[in-house]
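Source file: protein_20.csv (CSV, C-alpha atoms)
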chain,number,residue,atom,x,y,z
R,270,MET,CA,127.2,78.0,22.1
R,271,ASN,CA,124.5,76.0,24.0
R,272,ASN,CA,124.6,73.3,21.3
R,273,PHE,CA,128.4,73.1,21.6
R,274,ILE,CA,128.0,72.4,25.4
R,275,PHE,CA,125.3,69.9,24.8
R,276,ASP,CA,127.3,68.1,22.1
R,277,ASN,CA,130.3,67.8,24.5
R,278,MET,CA,128.1,66.4,27.2
R,279,ILE,CA,126.6,63.8,24.9
R,280,PHE,CA,130.0,62.9,23.5
R,281,SER,CA,131.2,62.4,27.1
R,282,GLY,CA,128.3,60.1,27.8
R,283,ILE,CA,129.2,58.0,24.8
R,284,ILE,CA,132.8,57.7,25.9
R,285,ALA,CA,131.7,56.9,29.5
R,286,ALA,CA,129.4,54.1,28.2
R,287,ILE,CA,132.1,52.6,26.1
R,288,LEU,CA,134.7,52.7,28.9
R,289,CYS,CA,132.2,51.1,31.3
R,290,VAL,CA,131.5,48.3,28.8
R,291,LEU,CA,135.2,47.6,28.5
R,292,LEU,CA,135.5,47.6,32.3
R,293,ILE,CA,132.7,45.2,32.8
R,294,MET,CA,133.9,42.9,30.0
R,295,SER,CA,137.3,42.8,31.7
R,296,LYS,CA,135.9,41.2,34.8
R,297,LYS,CA,136.9,37.6,35.3
R,298,HIS,CA,133.6,36.5,36.8
R,299,ARG,CA,130.7,38.2,35.0
R,300,ARG,CA,127.1,37.6,36.1
R,301,SER,CA,124.1,37.6,33.8
R,302,SER,CA,123.1,41.1,35.0
R,303,ASP,CA,126.5,42.3,33.8
R,304,HIS,CA,125.8,41.2,30.3
R,305,TYR,CA,122.4,42.9,30.3
R,306,LEU,CA,124.0,46.1,31.7
R,307,VAL,CA,126.6,46.0,28.8
R,308,LEU,CA,123.7,45.7,26.3
R,309,TRP,CA,121.9,48.6,27.9
R,310,LEU,CA,125.0,50.7,27.8
R,311,LEU,CA,125.6,50.0,24.1
R,312,LEU,CA,122.0,50.8,23.2
R,313,THR,CA,122.1,54.1,25.2
R,314,ALA,CA,125.4,55.0,23.6
R,315,ALA,CA,123.8,54.4,20.1
R,316,ASN,CA,120.9,56.5,21.1
R,317,LEU,CA,123.2,59.3,22.2
R,318,PHE,CA,125.2,59.0,19.0
R,319,TYR,CA,121.9,59.6,17.1
R,320,TYR,CA,121.3,62.8,19.0
R,321,LEU,CA,124.8,63.9,18.5
R,322,SER,CA,124.6,63.6,14.7
R,323,SER,CA,122.1,61.9,12.4
R,324,ASP,CA,123.4,63.3,9.2
R,325,ILE,CA,125.0,60.0,8.3
R,326,ILE,CA,121.9,58.0,9.0
R,327,PRO,CA,119.3,57.7,6.2
R,328,GLN,CA,115.9,59.1,6.8
R,329,LYS,CA,114.2,55.7,6.5
R,330,LEU,CA,116.4,54.3,9.3
R,331,GLN,CA,116.3,57.1,11.7
R,332,SER,CA,113.2,55.7,13.4
R,333,PHE,CA,115.3,52.7,14.6
R,334,PHE,CA,117.5,55.1,16.5
R,335,PHE,CA,114.8,57.4,17.7
R,336,THR,CA,112.8,54.5,19.2
R,337,LEU,CA,115.9,52.9,20.9
R,338,PRO,CA,114.6,54.0,24.4
R,339,THR,CA,111.7,51.5,24.0
R,340,LEU,CA,114.2,48.8,23.5
R,341,SER,CA,116.7,50.0,26.2
R,342,ILE,CA,113.9,50.1,28.8
R,343,CYS,CA,113.1,46.4,28.0
R,344,ILE,CA,116.8,45.6,28.6
R,345,LEU,CA,116.7,47.6,31.9
R,346,TYR,CA,113.8,45.3,32.9
R,347,LEU,CA,115.9,42.2,32.1
R,348,TYR,CA,118.8,43.7,34.0
R,349,THR,CA,116.5,44.1,37.0
R,350,LEU,CA,115.5,40.4,36.7
R,351,GLY,CA,119.2,39.5,36.4
R,352,LEU,CA,120.1,41.4,39.5
R,353,THR,CA,117.3,40.2,41.7
R,354,PHE,CA,116.5,36.6,40.5
R,355,GLY,CA,119.6,35.8,38.4
R,356,LEU,CA,117.8,35.7,35.1
R,357,GLU,CA,120.2,34.1,32.6
R,358,PHE,CA,121.5,36.1,29.7
R,359,ASN,CA,119.7,34.5,26.8
R,360,ILE,CA,119.1,35.8,23.3
R,361,LYS,CA,115.5,34.4,23.5
R,362,HIS,CA,114.7,36.8,26.4
R,363,ILE,CA,116.0,39.7,24.4
R,364,ILE,CA,114.1,38.8,21.2
R,365,LYS,CA,110.9,38.3,23.2
R,366,HIS,CA,111.1,41.8,24.6
R,367,ALA,CA,112.4,43.4,21.4
R,368,VAL,CA,109.3,42.3,19.4
R,369,PHE,CA,107.5,45.6,20.0
R,370,TYR,CA,110.6,47.6,19.0
R,371,LEU,CA,110.9,45.7,15.7
R,372,LEU,CA,107.1,45.8,14.9
R,373,TYR,CA,107.0,49.5,15.8
R,374,ASN,CA,109.7,50.4,13.3
R,375,VAL,CA,108.2,48.2,10.6
R,376,CYS,CA,105.0,50.1,11.0
R,377,PHE,CA,106.9,53.4,11.0
R,378,LEU,CA,108.6,52.4,7.7
R,379,VAL,CA,105.3,51.3,6.1
R,380,THR,CA,103.6,54.5,7.2
R,381,SER,CA,106.4,56.7,5.9
R,382,LEU,CA,106.1,55.0,2.5
R,383,PHE,CA,102.4,55.9,2.2
R,384,PHE,CA,102.7,59.3,3.8
R,385,HIS,CA,105.8,60.8,2.3
R,386,GLU,CA,105.5,63.9,4.4
R,387,ILE,CA,106.3,61.9,7.5
R,388,LEU,CA,110.1,62.2,8.1
R,389,PHE,CA,112.6,63.2,10.7
R,390,LYS,CA,113.8,66.8,11.3
R,391,ASN,CA,116.3,67.7,13.9
R,392,HIS,CA,116.2,64.0,15.2
R,393,LEU,CA,112.4,64.2,15.8
R,394,PRO,CA,109.4,62.8,13.8
R,395,TYR,CA,108.0,65.6,11.7
R,396,SER,CA,105.0,66.0,9.4
R,397,ALA,CA,105.5,68.3,6.4
R,398,ILE,CA,101.7,68.9,6.3
R,399,GLN,CA,101.2,69.1,10.0
R,400,ASN,CA,99.3,65.7,10.1
R,401,GLU,CA,99.1,65.5,13.9
R,402,PHE,CA,96.9,62.4,13.9
R,403,ILE,CA,99.5,60.3,12.1
R,404,LEU,CA,102.3,61.7,14.3
R,405,ASN,CA,100.3,60.8,17.4
R,406,VAL,CA,99.6,57.3,16.2
R,407,LEU,CA,103.3,56.9,15.7
R,408,THR,CA,104.6,58.5,18.9
R,409,ILE,CA,102.0,57.6,21.6
R,410,PRO,CA,103.4,54.0,21.9
R,411,MET,CA,106.7,55.6,22.7
R,412,ALA,CA,105.0,57.0,25.8
R,413,ILE,CA,103.2,53.9,26.8
R,414,ILE,CA,105.8,51.2,26.6
R,415,PRO,CA,108.3,52.8,29.0
R,416,VAL,CA,105.6,53.2,31.6
R,417,VAL,CA,104.6,49.5,31.4
R,418,TYR,CA,108.2,48.4,31.8
R,419,ILE,CA,108.9,50.8,34.7
R,420,ILE,CA,105.9,49.3,36.5
R,421,LEU,CA,107.2,45.8,35.8
R,422,CYS,CA,110.6,46.7,37.2
R,423,PHE,CA,109.0,48.1,40.4
R,424,PHE,CA,106.9,44.9,40.9
R,425,THR,CA,110.0,42.7,40.4
R,426,LEU,CA,112.0,44.7,42.9
R,427,LYS,CA,109.2,44.7,45.4
R,428,LYS,CA,108.9,40.9,45.1
R,429,TYR,CA,112.6,40.4,45.5
R,430,GLN,CA,112.8,42.7,48.6
R,431,LYS,CA,109.9,40.8,50.2
R,432,MET,CA,111.8,37.5,49.7
R,433,LEU,CA,115.1,38.7,51.0
R,434,PRO,CA,114.5,38.1,54.8
R,435,ASN,CA,114.0,34.4,54.0
R,436,PHE,CA,117.5,34.0,52.5
R,437,TYR,CA,119.9,36.5,54.0
R,438,SER,CA,120.9,37.7,57.5
R,439,ALA,CA,122.1,41.1,56.2
R,440,ILE,CA,120.0,42.7,53.4
R,441,GLU,CA,121.0,46.4,53.4
R,442,LYS,CA,123.7,45.9,50.7
R,443,ILE,CA,121.6,43.7,48.5
R,444,ASN,CA,118.1,45.2,48.7
R,445,PHE,CA,118.8,47.3,45.6
R,446,ASN,CA,117.1,50.4,47.0
R,447,TRP,CA,119.3,52.4,44.7
R,448,LEU,CA,117.6,50.8,41.7
R,449,LYS,CA,114.3,52.0,43.1
R,450,TYR,CA,115.6,55.5,43.1
R,451,ILE,CA,116.9,55.0,39.6
R,452,LEU,CA,113.4,53.9,38.5
R,453,LEU,CA,111.8,56.9,40.2
R,454,SER,CA,114.3,59.2,38.5
R,455,LEU,CA,113.5,57.5,35.2
R,456,ILE,CA,109.8,58.5,35.7
R,457,ILE,CA,110.9,62.1,36.3
R,458,LEU,CA,113.2,61.9,33.2
R,459,PHE,CA,110.3,60.6,31.2
R,460,ILE,CA,108.0,63.4,32.3
R,461,THR,CA,110.7,65.9,31.6
R,462,ILE,CA,111.3,64.7,28.1
R,463,ILE,CA,107.6,64.6,27.3
R,464,THR,CA,107.3,68.2,28.6
R,465,ILE,CA,110.2,69.4,26.6
R,466,LEU,CA,108.8,67.8,23.4
R,467,SER,CA,105.4,69.4,24.0
R,468,LEU,CA,106.9,72.8,24.7
R,469,SER,CA,108.8,72.7,21.4
R,470,THR,CA,106.5,70.9,19.0
R,471,ARG,CA,103.1,72.0,20.1
R,472,TRP,CA,103.6,75.4,21.8
R,473,ASN,CA,106.9,76.5,20.3
R,474,TYR,CA,108.4,77.6,23.6
R,475,LEU,CA,111.7,76.0,22.9
R,476,PRO,CA,113.8,76.1,19.7
R,477,ILE,CA,113.2,72.9,17.8
R,478,ASN,CA,116.9,72.6,16.7
R,479,SER,CA,118.0,72.4,20.4
R,480,ILE,CA,115.5,69.8,21.7
R,481,SER,CA,117.3,66.7,20.6
R,482,LYS,CA,120.5,68.1,22.2
R,483,ILE,CA,118.7,68.8,25.5
R,484,ILE,CA,117.2,65.3,25.5
R,485,GLY,CA,120.6,63.7,24.7
R,486,THR,CA,122.2,65.7,27.6
R,487,ILE,CA,119.5,64.5,30.0
R,488,GLN,CA,120.0,60.9,28.9
R,489,THR,CA,123.7,61.3,29.4
R,490,LEU,CA,123.2,62.4,33.0
R,491,TYR,CA,120.9,59.5,33.6
R,492,LEU,CA,123.4,57.1,32.1
R,493,LEU,CA,126.2,58.4,34.4
R,494,CYS,CA,124.0,57.8,37.5
R,495,MET,CA,123.0,54.3,36.3
R,496,VAL,CA,126.7,53.4,35.7
R,497,PHE,CA,127.8,54.8,39.1
R,498,PHE,CA,125.3,52.9,41.2
R,499,SER,CA,125.4,49.6,39.2
R,500,LEU,CA,129.2,49.4,39.3
R,501,ARG,CA,129.2,50.5,42.9
R,502,GLN,CA,126.8,47.7,43.8
R,503,SER,CA,129.0,45.2,41.9
R,504,ILE,CA,132.1,46.3,43.8
R,505,ILE,CA,130.4,46.4,47.3
R,506,TYR,CA,128.7,43.1,47.3
R,507,VAL,CA,128.9,39.9,45.2
R,508,GLN,CA,125.5,38.1,45.8
R,509,ASP,CA,125.4,34.3,45.9
R,510,SER,CA,122.7,32.3,44.1
R,511,GLY,CA,120.7,31.2,47.1
R,512,ILE,CA,117.6,33.2,46.3
R,513,ILE,CA,117.8,32.2,42.7
R,514,LYS,CA,117.8,28.4,43.3
R,515,SER,CA,115.4,28.4,46.1
R,516,SER,CA,112.9,30.8,44.5
R,517,LYS,CA,112.4,28.3,41.7
R,518,VAL,CA,111.1,25.6,44.1
R,519,LYS,CA,107.5,26.0,45.3
R,520,GLU,CA,107.2,26.2,49.0
R,521,GLU,CA,105.5,23.1,50.4
R,522,ILE,CA,103.3,23.3,53.6
R,523,ILE,CA,104.2,20.2,55.6
R,524,GLN,CA,103.3,18.8,59.0
R,525,ILE,CA,105.8,19.2,61.8
R,526,ASP,CA,107.1,15.6,61.9
R,527,GLU,CA,109.8,13.9,63.9
R,528,ARG,CA,112.5,14.6,61.2
R,529,SER,CA,111.8,18.3,61.2
R,530,LYS,CA,112.0,18.4,65.0
R,531,ILE,CA,115.4,16.7,65.0
R,532,LEU,CA,116.6,19.2,62.4
R,533,SER,CA,115.3,22.1,64.6
R,534,GLU,CA,117.2,20.8,67.6
R,535,LYS,CA,120.3,20.3,65.5
R,536,LEU,CA,120.0,23.9,64.1
R,537,LEU,CA,119.5,25.4,67.6
R,538,GLU,CA,122.4,23.5,69.0
R,539,TYR,CA,124.7,24.5,66.1
R,540,MET,CA,123.8,28.1,66.5
R,541,LEU,CA,124.7,28.0,70.2
R,542,LEU,CA,128.0,26.1,69.9
R,543,GLU,CA,129.4,27.2,66.6
R,544,LYS,CA,128.0,30.7,66.4
R,545,PRO,CA,127.8,31.0,62.6
R,546,TYR,CA,125.9,34.2,63.0
R,547,LEU,CA,129.2,36.0,63.7
R,548,ASP,CA,129.7,35.8,59.9
R,549,GLU,CA,128.2,39.1,58.7
R,550,GLU,CA,127.4,37.6,55.3
R,551,LEU,CA,125.7,34.4,56.6
R,552,SER,CA,123.0,33.3,54.2
R,553,LEU,CA,120.5,30.5,54.0
R,554,VAL,CA,122.7,28.7,51.5
R,555,LYS,CA,125.8,29.0,53.7
R,556,LEU,CA,124.0,27.7,56.8
R,557,SER,CA,122.4,24.8,55.0
R,558,SER,CA,125.8,23.8,53.6
R,559,LEU,CA,127.3,23.9,57.2
R,560,LEU,CA,124.4,21.7,58.5
R,561,ASN,CA,124.5,19.5,55.4
R,562,VAL,CA,120.8,19.9,54.6
R,563,SER,CA,119.0,21.4,51.7
R,564,THR,CA,118.0,25.1,51.7
R,565,ASN,CA,114.4,24.1,51.3
R,566,GLN,CA,114.5,21.9,54.4
R,567,LEU,CA,116.2,24.5,56.5
R,568,SER,CA,113.9,27.2,55.3
R,569,ARG,CA,110.8,25.2,56.2
R,570,VAL,CA,112.2,24.4,59.7
R,571,ILE,CA,112.9,28.1,60.4
R,572,ASN,CA,109.6,29.3,58.9
R,573,GLN,CA,107.2,26.6,60.2
R,574,ASN,CA,108.9,25.0,63.3
R,575,LEU,CA,110.5,28.2,64.7
R,576,ASN,CA,107.8,30.5,63.3
R,577,THR,CA,110.2,33.2,62.0
R,578,ASN,CA,112.3,34.0,58.9
R,579,PHE,CA,116.0,33.6,58.4
R,580,TYR,CA,116.8,37.3,58.8
R,581,GLN,CA,115.0,37.6,62.2
R,582,PHE,CA,116.3,34.2,63.4
R,583,VAL,CA,120.0,35.0,62.8
R,584,ASN,CA,119.8,38.6,64.0
R,585,SER,CA,118.1,37.6,67.3
R,586,TYR,CA,121.3,35.6,68.0
R,587,ARG,CA,123.4,38.6,67.1
R,588,VAL,CA,121.4,40.8,69.5
R,589,GLU,CA,121.9,38.2,72.3
R,590,GLU,CA,125.6,38.2,71.6
R,591,VAL,CA,125.7,42.0,71.9
R,592,LYS,CA,123.8,41.9,75.1
R,593,GLN,CA,126.2,39.4,76.7
R,594,LYS,CA,129.2,41.4,75.6
R,595,LEU,CA,127.7,44.7,76.9
R,596,LYS,CA,127.4,43.1,80.3
R,597,ASN,CA,130.9,41.6,80.2
R,598,THR,CA,133.5,44.0,81.7
R,599,ALA,CA,136.1,42.4,79.4
R,600,PHE,CA,134.5,44.4,76.5
R,601,ASN,CA,134.4,47.8,78.3
R,602,HIS,CA,137.2,49.1,76.0
R,603,TYR,CA,135.0,48.4,73.0
R,604,SER,CA,132.5,50.9,71.7
R,605,ILE,CA,128.9,49.8,71.3
R,606,LEU,CA,129.2,49.8,67.5
R,607,GLY,CA,132.5,47.8,67.8
R,608,ILE,CA,130.7,45.2,69.8
R,609,ALA,CA,127.9,45.1,67.2
R,610,PHE,CA,130.4,44.5,64.4
R,611,GLU,CA,132.1,41.8,66.5
R,612,SER,CA,128.8,40.1,66.9
R,613,GLY,CA,128.0,39.8,63.2
R,614,PHE,CA,126.2,43.1,62.3
R,615,ASN,CA,127.6,45.1,59.4
R,616,SER,CA,125.4,48.2,59.5
R,617,LYS,CA,124.9,50.7,62.3
R,618,SER,CA,121.3,51.6,61.3
R,619,THR,CA,120.3,47.9,61.1
R,620,PHE,CA,121.9,47.1,64.4
R,621,ASN,CA,120.1,49.9,66.2
R,622,LYS,CA,116.8,49.0,64.6
R,623,ILE,CA,116.9,45.3,65.3
R,624,PHE,CA,118.3,45.8,68.9
R,625,LYS,CA,115.4,48.1,69.8
R,626,GLU,CA,112.9,45.6,68.3
R,627,GLU,CA,114.3,42.7,70.3
R,628,THR,CA,114.9,44.5,73.6
R,629,GLY,CA,112.5,47.5,73.6
R,630,MET,CA,115.4,49.9,74.3
R,631,THR,CA,118.4,51.4,72.5
R,632,PRO,CA,121.9,49.8,72.9
R,633,SER,CA,123.0,52.8,75.0
R,634,GLN,CA,119.9,52.5,77.3
R,635,PHE,CA,120.6,48.8,77.7
R,636,LYS,CA,124.2,49.4,78.5
R,637,ASN,CA,123.4,52.1,81.1
R,638,PHE,CA,120.7,49.9,82.6
R,639,ASN,CA,123.1,47.0,83.1
R,640,SER,CA,126.2,48.9,84.2
Using structure tokens, write down the structure from this file.
Amino acid sequence: MNNFIFDNMIFSGIIAAILCVLLIMSKKHRRSSDHYLVLWLLLTAANLFYYLSSDIIPQKLQSFFFTLPTLSICILYLYTLGLTFGLEFNIKHIIKHAVFYLLYNVCFLVTSLFFHEILFKNHLPYSAIQNEFILNVLTIPMAIIPVVYIILCFFTLKKYQKMLPNFYSAIEKINFNWLKYILLSLIILFITIITILSLSTRWNYLPINSISKIIGTIQTLYLLCMVFFSLRQSIIYVQDSGIIKSSKVKEEIIQIDERSKILSEKLLEYMLLEKPYLDEELSLVKLSSLLNVSTNQLSRVINQNLNTNFYQFVNSYRVEEVKQKLKNTAFNHYSILGIAFESGFNSKSTFNKIFKEETGMTPSQFKNFNS
């Protein structure tokens, strides 16, 4: 009965993956990260199919399906790079990170030829003579590679989030905190699977014939979470390529010359007269285009001449706009949050945080103090 439930869960995961692939491929404008996500979904679906039924897969080829998680975690890393730094979808990147997967399976095939007792039973590596040393040599890399790539994903995400304030005035929808939680859950998933395998193969606490079904069900739940958050991100926000282009150019430390002073004055005058900060999605790319200067020039002026970053620079104007409107009786019929949104903010939590940093009091305290 339990295996019947597990089989239905795994089958549902396969169907969900296929439907999501079709949905993504139907998009008119697909980003590189979309293609990496499609590949990850297809690999995960293939891995789930293996856990659902391996009867039609020859013994010598089962290792290619069993080790698919080592390949899918590589694609997840490329997906992370695609989301954060716009890594292009390129077969060279995939082959580069698939080398371990290919070499690992070649080693598995060669080993199984010399040690005929090494085979697969109930979707898991099995030694007919209980040769644990050979099994450990074959399976330990399966535990190491995912850890390495999870760490790489965390470093990439941390680097990206550190750079965001230099390029965007609103970062809540593009900071990819959800991906951080996905990676943390992946660690939990990894530990859970290792524990389940140990309980079944070493200590015989769990029936061996149900282990692959349990693992497949856990992977199905993970796939559904990944799909939900990645598609939700795609729907909520379409990121421009500002951080991609600018991040490829090394930052130059330059002296504050006459030209940069002129650009600083032009920028400050434009902010006061045209109020571009009222655009809640204002980015460094958009503002540089409005001023007809390069993103690198504008970034250097903000960072070096004005001694701040783009995020703080723009939001300081938004806070000032809010302060003026809170003092203006013409806006008495507006709520504080309504005024914040009218002033360019798009998040209540961000508005409250930045307002208190800039003024030393909450918006409500400021309003009461000036009423």
Which is closest to Ser616 of chain R among R:Leu345, R:Ala439, R:Leu453, R:Met630, if we use all atoms listed in the file?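 Looking at the shortest contact to Ser616 of chain R, the residue is R:Ala439.
Restricting the calculation to only C-alpha atoms, the smallest distance between Lys596 of chain R and any of R:Ile608, R:Asp303, R:Lys636, R:Phe624 is found for R:Lys636.
Polymer residues near (115.1, 22.2, 53.5): counting all atoms listed in the file with a cut-off of 10 Å, they are Ser515, Glu520, Ser529, Leu532, Leu553, Ser557, Asn561, Val562, Ser563, Thr564, Asn565, Gln566, Leu567, Ser568, Arg569, Val570 and Ile571 of chain R.
A straight line drawn from atom CA of Thr339 of chain R to atom CA of Pro415 of chain R is 6.2 Å long.
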Å distance separating atom CA of Tyr546 of chain R from atom CA of Gly613 of chain R, one decimal place: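 Going from atom CA of Tyr546 of chain R over to atom CA of Gly613 of chain R, I get 6.0 Å.
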Which neighbours of Ala286 of chain R fall inside 7 Å, counting all atoms listed in the file, when residues of the same chain fewer than 4 positions from it are skipped, and could you give them as number ranges by chain? R: 282, 290, 310-311, 314
Residue with the minimum atom-to-atom distance to Leu321 of chain R, picked from R:Glu538, R:Glu441, R:Asp276, R:Asp548 with all atoms listed in the file counted, is R:Asp276
What gap, in Å, lies between atom CA of His304 of chain R and atom CA of Ile487 of chain R?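 Atom-to-atom, atom CA of His304 of chain R to atom CA of Ile487 of chain R, that is 24.1 Å.
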Between R:Leu356, R:Leu492, R:Leu372, R:Leu536, which residue has the minimum interatomic distance to Ile283 of chain R, considering all atoms listed in the file? R:Leu492
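Residues in contact range of segment 481-486 of chain R, defined as at most 6 Å between only C-alpha atoms, with sequence neighbours fewer than 4 positions away removed, read Phe275, Met278, Ile279, Leu317 and Tyr320 of chain R.
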Nearest to Asn615 of chain R: which of R:Thr628, R:Ser438, R:Ser499, R:Thr461 is it, counting all atoms listed in the file?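 Among the listed residues, the smallest separation from Asn615 of chain R belongs to R:Ser438.
Nearest to Tyr491 of chain R of all the residues R:Ile325, R:Ile363, R:Leu292, R:Leu452 is R:Leu452, counting all atoms listed in the file.
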